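Structure file model22.pdb (PDB, C-alpha atoms and all ligand atoms) follows.
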MODEL        1
ATOM      1  CA  MET A 259     143.426 109.676 131.420
ATOM      2  CA  LYS A 260     144.874 113.046 130.619
ATOM      3  CA  ILE A 261     143.600 114.779 127.465
ATOM      4  CA  LYS A 262     145.460 117.591 125.723
ATOM      5  CA  ARG A 263     143.904 119.402 122.780
ATOM      6  CA  ILE A 264     146.155 121.301 120.384
ATOM      7  CA  ALA A 265     144.676 122.994 117.300
ATOM      8  CA  VAL A 266     147.045 122.415 114.374
ATOM      9  CA  GLY A 267     147.564 123.659 110.834
ATOM     10  CA  VAL A 268     145.795 126.219 108.669
ATOM     11  CA  LEU A 269     142.397 124.522 109.098
ATOM     12  CA  SER A 270     142.810 124.372 112.903
ATOM     13  CA  ALA A 271     142.223 120.649 113.156
ATOM     14  CA  ASN A 272     142.091 119.426 116.727
ATOM     15  CA  CYS A 273     144.907 117.081 117.610
ATOM     16  CA  TYR A 274     144.372 115.221 120.887
ATOM     17  CA  ILE A 275     147.158 113.686 122.915
ATOM     18  CA  LEU A 276     145.773 111.164 125.410
ATOM     19  CA  SER A 277     147.935 109.699 128.114
ATOM     20  CA  ASP A 278     147.696 107.320 131.016
ATOM     21  CA  GLU A 279     148.937 109.297 133.989
ATOM     22  CA  ASN A 280     150.512 106.298 135.732
ATOM     23  CA  THR A 281     152.336 104.553 132.914
ATOM     24  CA  LYS A 282     152.835 107.632 130.674
ATOM     25  CA  GLU A 283     151.728 105.536 127.706
ATOM     26  CA  ALA A 284     149.979 107.740 125.161
ATOM     27  CA  VAL A 285     148.180 107.919 121.834
ATOM     28  CA  ILE A 286     148.008 110.867 119.459
ATOM     29  CA  ILE A 287     144.762 111.357 117.573
ATOM     30  CA  ASP A 288     145.096 113.329 114.310
ATOM     31  CA  PRO A 289     148.528 114.963 114.187
ATOM     32  CA  GLY A 290     147.496 117.128 111.245
ATOM     33  CA  ASP A 291     150.410 119.555 111.386
ATOM     34  CA  ASP A 292     152.647 121.427 113.833
ATOM     35  CA  GLY A 293     154.487 118.291 114.894
ATOM     36  CA  VAL A 294     157.161 120.431 116.550
ATOM     37  CA  VAL A 295     154.542 121.836 118.932
ATOM     38  CA  LEU A 296     153.105 118.373 119.558
ATOM     39  CA  MET A 297     156.586 117.057 120.383
ATOM     40  CA  GLU A 298     157.132 119.856 122.895
ATOM     41  CA  TYR A 299     154.157 118.530 124.830
ATOM     42  CA  VAL A 300     155.201 114.871 124.414
ATOM     43  CA  ASP A 301     158.690 115.669 125.708
ATOM     44  CA  LYS A 302     157.507 117.894 128.550
ATOM     45  CA  GLU A 303     155.138 115.179 129.775
ATOM     46  CA  GLN A 304     157.712 112.441 129.068
ATOM     47  CA  LEU A 305     155.123 110.412 127.200
ATOM     48  CA  LYS A 306     155.699 107.047 125.599
ATOM     49  CA  VAL A 307     153.562 107.351 122.474
ATOM     50  CA  LYS A 308     152.299 103.930 121.439
ATOM     51  CA  TYR A 309     149.964 104.753 118.579
ATOM     52  CA  ILE A 310     149.205 107.570 116.156
ATOM     53  CA  LEU A 311     145.537 107.299 115.220
ATOM     54  CA  ASN A 312     143.629 109.057 112.452
ATOM     55  CA  THR A 313     139.884 109.625 112.657
ATOM     56  CA  HIS A 314     140.018 109.741 108.838
ATOM     57  CA  GLY A 315     142.470 110.280 106.011
ATOM     58  CA  HIS A 316     142.097 113.990 105.277
ATOM     59  CA  HIS A 317     145.418 115.736 105.363
ATOM     60  CA  ASP A 318     144.451 118.353 107.915
ATOM     61  CA  HIS A 319     144.294 115.368 110.327
ATOM     62  CA  CYS A 320     147.251 113.299 109.094
ATOM     63  CA  SER A 321     149.958 115.581 107.684
ATOM     64  CA  ASP A 322     152.414 114.986 110.486
ATOM     65  CA  ASN A 323     151.851 111.234 110.852
ATOM     66  CA  ALA A 324     155.316 110.537 109.479
ATOM     67  CA  TYR A 325     157.026 113.254 111.520
ATOM     68  CA  MET A 326     155.432 112.039 114.752
ATOM     69  CA  LYS A 327     156.214 108.430 113.901
ATOM     70  CA  GLU A 328     159.853 109.283 113.307
ATOM     71  CA  LYS A 329     160.107 111.216 116.571
ATOM     72  CA  THR A 330     158.212 108.779 118.807
ATOM     73  CA  GLY A 331     158.489 105.383 117.123
ATOM     74  CA  ALA A 332     154.712 104.967 117.435
ATOM     75  CA  LEU A 333     152.697 102.970 114.909
ATOM     76  CA  VAL A 334     150.188 104.692 112.629
ATOM     77  CA  GLY A 335     146.652 103.291 112.502
ATOM     78  CA  LEU A 336     143.644 104.277 110.434
ATOM     79  CA  HIS A 337     140.751 102.658 108.595
ATOM     80  CA  LYS A 338     141.767 100.806 105.429
ATOM     81  CA  GLU A 339     139.231 102.710 103.290
ATOM     82  CA  ASP A 340     140.973 106.030 103.977
ATOM     83  CA  GLU A 341     144.551 104.942 103.389
ATOM     84  CA  ILE A 342     144.222 106.117  99.776
ATOM     85  CA  PHE A 343     144.283 109.749 100.982
ATOM     86  CA  LEU A 344     147.786 109.126 102.329
ATOM     87  CA  VAL A 345     149.334 107.042  99.593
ATOM     88  CA  ASP A 346     147.639 108.455  96.481
ATOM     89  CA  PRO A 347     146.210 111.934  97.133
ATOM     90  CA  ASP A 348     145.748 112.600  93.406
ATOM     91  CA  ALA A 349     143.243 109.734  93.193
ATOM     92  CA  THR A 350     141.076 111.441  95.801
ATOM     93  CA  GLY A 351     140.781 114.696  93.861
ATOM     94  CA  ASN A 352     143.562 116.213  95.924
ATOM     95  CA  PHE A 353     141.201 117.300  98.674
ATOM     96  CA  TYR A 354     143.867 119.408 100.278
ATOM     97  CA  ALA A 355     145.733 121.619  97.784
ATOM     98  CA  GLY A 356     149.297 120.511  97.328
ATOM     99  CA  SER A 357     148.860 117.325  99.317
ATOM    100  CA  GLU A 358     151.967 115.229  99.376
ATOM    101  CA  LYS A 359     152.099 111.465  99.498
ATOM    102  CA  MET A 360     152.456 110.029 102.967
ATOM    103  CA  PRO A 361     153.573 106.646 104.254
ATOM    104  CA  PRO A 362     150.875 103.954 104.477
ATOM    105  CA  ALA A 363     149.318 102.797 107.742
ATOM    106  CA  ASP A 364     151.197 100.418 110.012
ATOM    107  CA  PHE A 365     147.917  98.810 111.009
ATOM    108  CA  TYR A 366     144.241  99.121 110.153
ATOM    109  CA  ILE A 367     141.443  99.853 112.581
ATOM    110  CA  LYS A 368     137.855  98.695 112.224
ATOM    111  CA  ASP A 369     134.546  98.739 114.077
ATOM    112  CA  GLY A 370     134.788  97.225 117.555
ATOM    113  CA  ASP A 371     138.583  97.280 117.823
ATOM    114  CA  GLU A 372     139.957  98.249 121.206
ATOM    115  CA  ILE A 373     143.017 100.483 121.377
ATOM    116  CA  VAL A 374     144.818  99.970 124.684
ATOM    117  CA  PHE A 375     147.466 102.238 126.205
ATOM    118  CA  GLY A 376     148.333 102.028 129.878
ATOM    119  CA  ASN A 377     145.065 101.396 131.691
ATOM    120  CA  CYS A 378     143.060 103.264 129.067
ATOM    121  CA  VAL A 379     140.898 101.766 126.353
ATOM    122  CA  LEU A 380     139.423 103.424 123.276
ATOM    123  CA  LYS A 381     136.825 101.597 121.235
ATOM    124  CA  VAL A 382     136.636 102.140 117.478
ATOM    125  CA  ILE A 383     133.214 103.089 116.085
ATOM    126  CA  GLU A 384     133.030 103.178 112.299
ATOM    127  CA  THR A 385     131.126 106.241 111.110
ATOM    128  CA  PRO A 386     131.598 106.545 107.326
ATOM    129  CA  GLY A 387     129.967 109.414 105.452
ATOM    130  CA  HIS A 388     132.405 112.317 105.741
ATOM    131  CA  SER A 389     134.821 109.860 104.146
ATOM    132  CA  LYS A 390     134.574 106.110 103.566
ATOM    133  CA  GLY A 391     136.932 105.241 106.379
ATOM    134  CA  GLY A 392     135.837 107.710 109.048
ATOM    135  CA  VAL A 393     135.844 106.459 112.643
ATOM    136  CA  CYS A 394     135.203 107.755 116.141
ATOM    137  CA  PHE A 395     137.145 106.712 119.242
ATOM    138  CA  TYR A 396     135.020 106.068 122.317
ATOM    139  CA  GLY A 397     136.317 105.842 125.873
ATOM    140  CA  GLU A 398     133.535 104.109 127.781
ATOM    141  CA  LYS A 399     135.052 104.446 131.264
ATOM    142  CA  GLU A 400     135.886 108.140 130.872
ATOM    143  CA  LYS A 401     132.708 108.922 128.898
ATOM    144  CA  ILE A 402     134.553 110.587 126.038
ATOM    145  CA  CYS A 403     134.205 110.373 122.284
ATOM    146  CA  PHE A 404     136.585 111.697 119.631
ATOM    147  CA  THR A 405     134.435 112.306 116.594
ATOM    148  CA  GLY A 406     136.802 113.643 113.921
ATOM    149  CA  ASP A 407     134.865 115.405 111.171
ATOM    150  CA  THR A 408     131.768 113.234 111.686
ATOM    151  CA  LEU A 409     130.170 115.265 114.482
ATOM    152  CA  PHE A 410     130.917 118.861 115.501
ATOM    153  CA  ARG A 411     129.421 120.985 118.257
ATOM    154  CA  GLY A 412     125.969 121.750 116.849
ATOM    155  CA  SER A 413     126.752 120.423 113.385
ATOM    156  CA  ILE A 414     128.122 117.553 111.320
ATOM    157  CA  GLY A 415     130.840 117.129 108.725
ATOM    158  CA  ARG A 416     130.684 117.789 105.014
ATOM    159  CA  ALA A 417     130.025 114.948 102.611
ATOM    160  CA  ASP A 418     131.088 116.526  99.323
ATOM    161  CA  PHE A 419     134.673 115.272  99.312
ATOM    162  CA  TYR A 420     135.956 112.048  97.763
ATOM    163  CA  GLY A 421     133.995 109.078  99.155
ATOM    164  CA  GLY A 422     131.546 111.272 101.078
ATOM    165  CA  ASN A 423     127.891 110.325 101.502
ATOM    166  CA  MET A 424     125.528 112.604 103.440
ATOM    167  CA  ASN A 425     122.748 110.028 103.908
ATOM    168  CA  LEU A 426     125.239 107.542 105.278
ATOM    169  CA  LEU A 427     126.806 110.161 107.542
ATOM    170  CA  ILE A 428     123.455 111.047 109.119
ATOM    171  CA  LYS A 429     122.511 107.369 109.413
ATOM    172  CA  CYS A 430     125.788 106.568 111.196
ATOM    173  CA  ILE A 431     125.370 109.456 113.612
ATOM    174  CA  LYS A 432     121.817 108.393 114.443
ATOM    175  CA  GLU A 433     122.569 104.686 114.739
ATOM    176  CA  LYS A 434     126.044 104.668 116.243
ATOM    177  CA  LEU A 435     126.526 107.889 118.202
ATOM    178  CA  ALA A 436     123.091 109.169 119.177
ATOM    179  CA  HIS A 437     122.659 106.478 121.855
ATOM    180  CA  LEU A 438     125.716 107.654 123.829
ATOM    181  CA  SER A 439     124.630 109.094 127.157
ATOM    182  CA  ASP A 440     124.205 112.832 127.797
ATOM    183  CA  GLU A 441     127.368 113.028 129.938
ATOM    184  CA  VAL A 442     129.662 111.827 127.152
ATOM    185  CA  THR A 443     132.083 114.613 126.214
ATOM    186  CA  VAL A 444     132.438 115.103 122.475
ATOM    187  CA  TYR A 445     135.894 116.039 121.225
ATOM    188  CA  ALA A 446     135.436 117.001 117.581
ATOM    189  CA  GLY A 447     137.991 117.299 114.804
ATOM    190  CA  HIS A 448     137.485 121.071 114.610
ATOM    191  CA  GLY A 449     136.059 123.637 116.991
ATOM    192  CA  ALA A 450     134.862 123.490 120.558
ATOM    193  CA  VAL A 451     134.309 120.616 122.927
ATOM    194  CA  SER A 452     130.693 119.508 123.417
ATOM    195  CA  THR A 453     128.608 116.858 125.143
ATOM    196  CA  MET A 454     126.064 114.400 123.819
ATOM    197  CA  GLY A 455     123.467 116.132 125.993
ATOM    198  CA  TYR A 456     124.140 119.425 124.226
ATOM    199  CA  GLU A 457     124.041 117.739 120.821
ATOM    200  CA  ARG A 458     120.765 116.026 121.644
ATOM    201  CA  ARG A 459     119.216 119.414 122.373
ATOM    202  CA  MET A 460     120.943 121.620 119.810
ATOM    203  CA  ASN A 461     122.065 119.507 116.833
ATOM    204  CA  ARG A 462     119.261 119.017 114.319
ATOM    205  CA  TYR A 463     121.005 115.956 112.855
ATOM    206  CA  ILE A 464     120.675 114.085 116.148
ATOM    207  CA  ARG A 465     117.389 115.377 117.535
TER     208      ARG A 465
HETATM  209 ZN    ZN A 501     137.847 115.741 107.051
HETATM  210 ZN    ZN A 502     139.091 118.246 109.113
ENDMDL
END
Represent the structure of the file as structure tokens.
Ligand SMILES: [Zn+2]
Ligand SMILES: [Zn+2]
Amino acid sequence: MKIKRIAVGVLSANCYILSDENTKEAVIIDPGDDGVVLMEYVDKEQLKVKYILNTHGHHDHCSDNAYMKEKTGALVGLHKEDEIFLVDPDATGNFYAGSEKMPPADFYIKDGDEIVFGNCVLKVIETPGHSKGGVCFYGEKEKICFTGDTLFRGSIGRADFYGGNMNLLIKCIKEKLAHLSDEVTVYAGHGAVSTMGYERRMNRYIR
């Protein structure tokens, strides 16, 4: 699996484009903005994008869902609980100033689902707390985990937005992520890449 990280938008959300090197099938995790830049990579690599996945519904991670869908024909998937951020931003306290309505999901993802592209598989791990519908994507074979705004290098996400719950966030991290082995690479929704080994030593929410 090839992994490309591109920081997008004013909040520098990490968009990840994952592709199977043999079949060129790909998924895009969190196309939060800068779709033109993302498409340059997709075109250069001649990728066939199958799915656009959101770790959660905040606009810094989803803003260019529709643009990328239009350009690639891929289907948009996110957790049902976070679809409200896309279709009715006003109801969520307009987390992101000036948020515009976005198209709904094409499909919903939930705990245990397996996303398949080429010979690659990502498993969905529900980790609500930063938002109600927050998820992580875990690649068991490659030992990789895309954690959105749930887990950052040395820190965790905020819980003071619509639907956030700090106790639940910490509980999810301890029960659903903390058991991942030290070698698992952590690709967070903002900031630098980490490993579970580093988090186990340095992140007080996991220790
Ligand atoms: Zn967020
Ligand atoms: Zn974010």
Show which residues sit within 8 Å of A:Lys262, as a tab-separated table (two decimals) with C-alpha atoms, in the coordinates of the input. Count all atoms listed in the file, and ignore same-chain residues fewer than 4 positions away.
chain	number	residue	atom	x	y	z
A	274	TYR	CA	144.37	115.22	120.89
A	275	ILE	CA	147.16	113.69	122.92
A	276	LEU	CA	145.77	111.16	125.41
Could you list, as a VMD selection string, all protein and nucleic acid residues with an atom at most 8 Å from ligand ZN 501 (chain A), counting all atoms listed in the file? chain A and resid 314 to 319 388 to 389 406 to 407 415 to 416 447
Exercise for review: Return as a PyMOL selection string the set of residues that the PyMOL selection byres (((chain A and resi 270) around 9) and not hetatm) yields on the displayed structure.
Suggested key: chain A and resi 264-269+271-273+290+318+447-449
Give me a file of those residues, with C-alpha atoms, as a compact mmCIF listing (two decimals), in the coordinates of the input.
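Result file follows (again.txt):
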# COMPACT_ATOMS: atom_id res chain seq x y z
CA ILE A 264 146.16 121.30 120.38
CA ALA A 265 144.68 122.99 117.30
CA VAL A 266 147.04 122.42 114.37
CA GLY A 267 147.56 123.66 110.83
CA VAL A 268 145.79 126.22 108.67
CA LEU A 269 142.40 124.52 109.10
CA ALA A 271 142.22 120.65 113.16
CA ASN A 272 142.09 119.43 116.73
CA CYS A 273 144.91 117.08 117.61
CA GLY A 290 147.50 117.13 111.24
CA ASP A 318 144.45 118.35 107.92
CA GLY A 447 137.99 117.30 114.80
CA HIS A 448 137.49 121.07 114.61
CA GLY A 449 136.06 123.64 116.99
Requested in this report: Report as number ranges by chain the full result of the PyMOL selection byres (((chain A and resi 411) around 7) and not hetatm) when it is applied to this structure.
Outcome: A: 409-410, 412-413, 450-452, 457
- Message: Please expand the PyMOL selection byres (((chain A and resi 304) around 12) and not hetatm) into the concrete residues it hits in this file, giving the result as a VMD selection string.
- Response: chain A and resid 277 to 284 297 to 303 305 to 307 330
- Write out as a list of chain:residue names each polymer residue whose atoms come within 6 Å of A:His337, counting all atoms listed in the file; drop sequence neighbours fewer than 5 positions from it.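 Neighbouring residues, sequence-local ones excluded: A:Tyr366, A:Ile367, A:Gly391.
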Nearest to ligand ZN 502 (chain A), chosen from A:Gly421, A:Pro362, A:Gly351, A:Pro289, with all atoms listed in the file counted in the distances:
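Closest candidate: A:Pro289.
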key: Interatomic distance (Å, one decimal) between atom CA of A:Asn323 and atom CA of A:Phe343   =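 Computing the Euclidean distance for atom CA of A:Asn323 and atom CA of A:Phe343 yields 12.5 Å.
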- Query: Taking all atoms listed in the file into account, which of A:Ile464, A:Leu336, A:Ala417, A:Val295 comes nearest ligand ZN 502 (chain A)?
  - Reply: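 The answer is A:Ala417, which sits nearest to ligand ZN 502 (chain A).
For the pair atom CA of A:Phe365 and atom CA of A:Ile261, the interatomic distance is 23.3 Å.
Checking A:Cys394, A:Ala363, A:Ile402, A:Cys320 one by one against A:Glu341, counting all atoms listed in the file, you find the shortest gap at A:Ala363.
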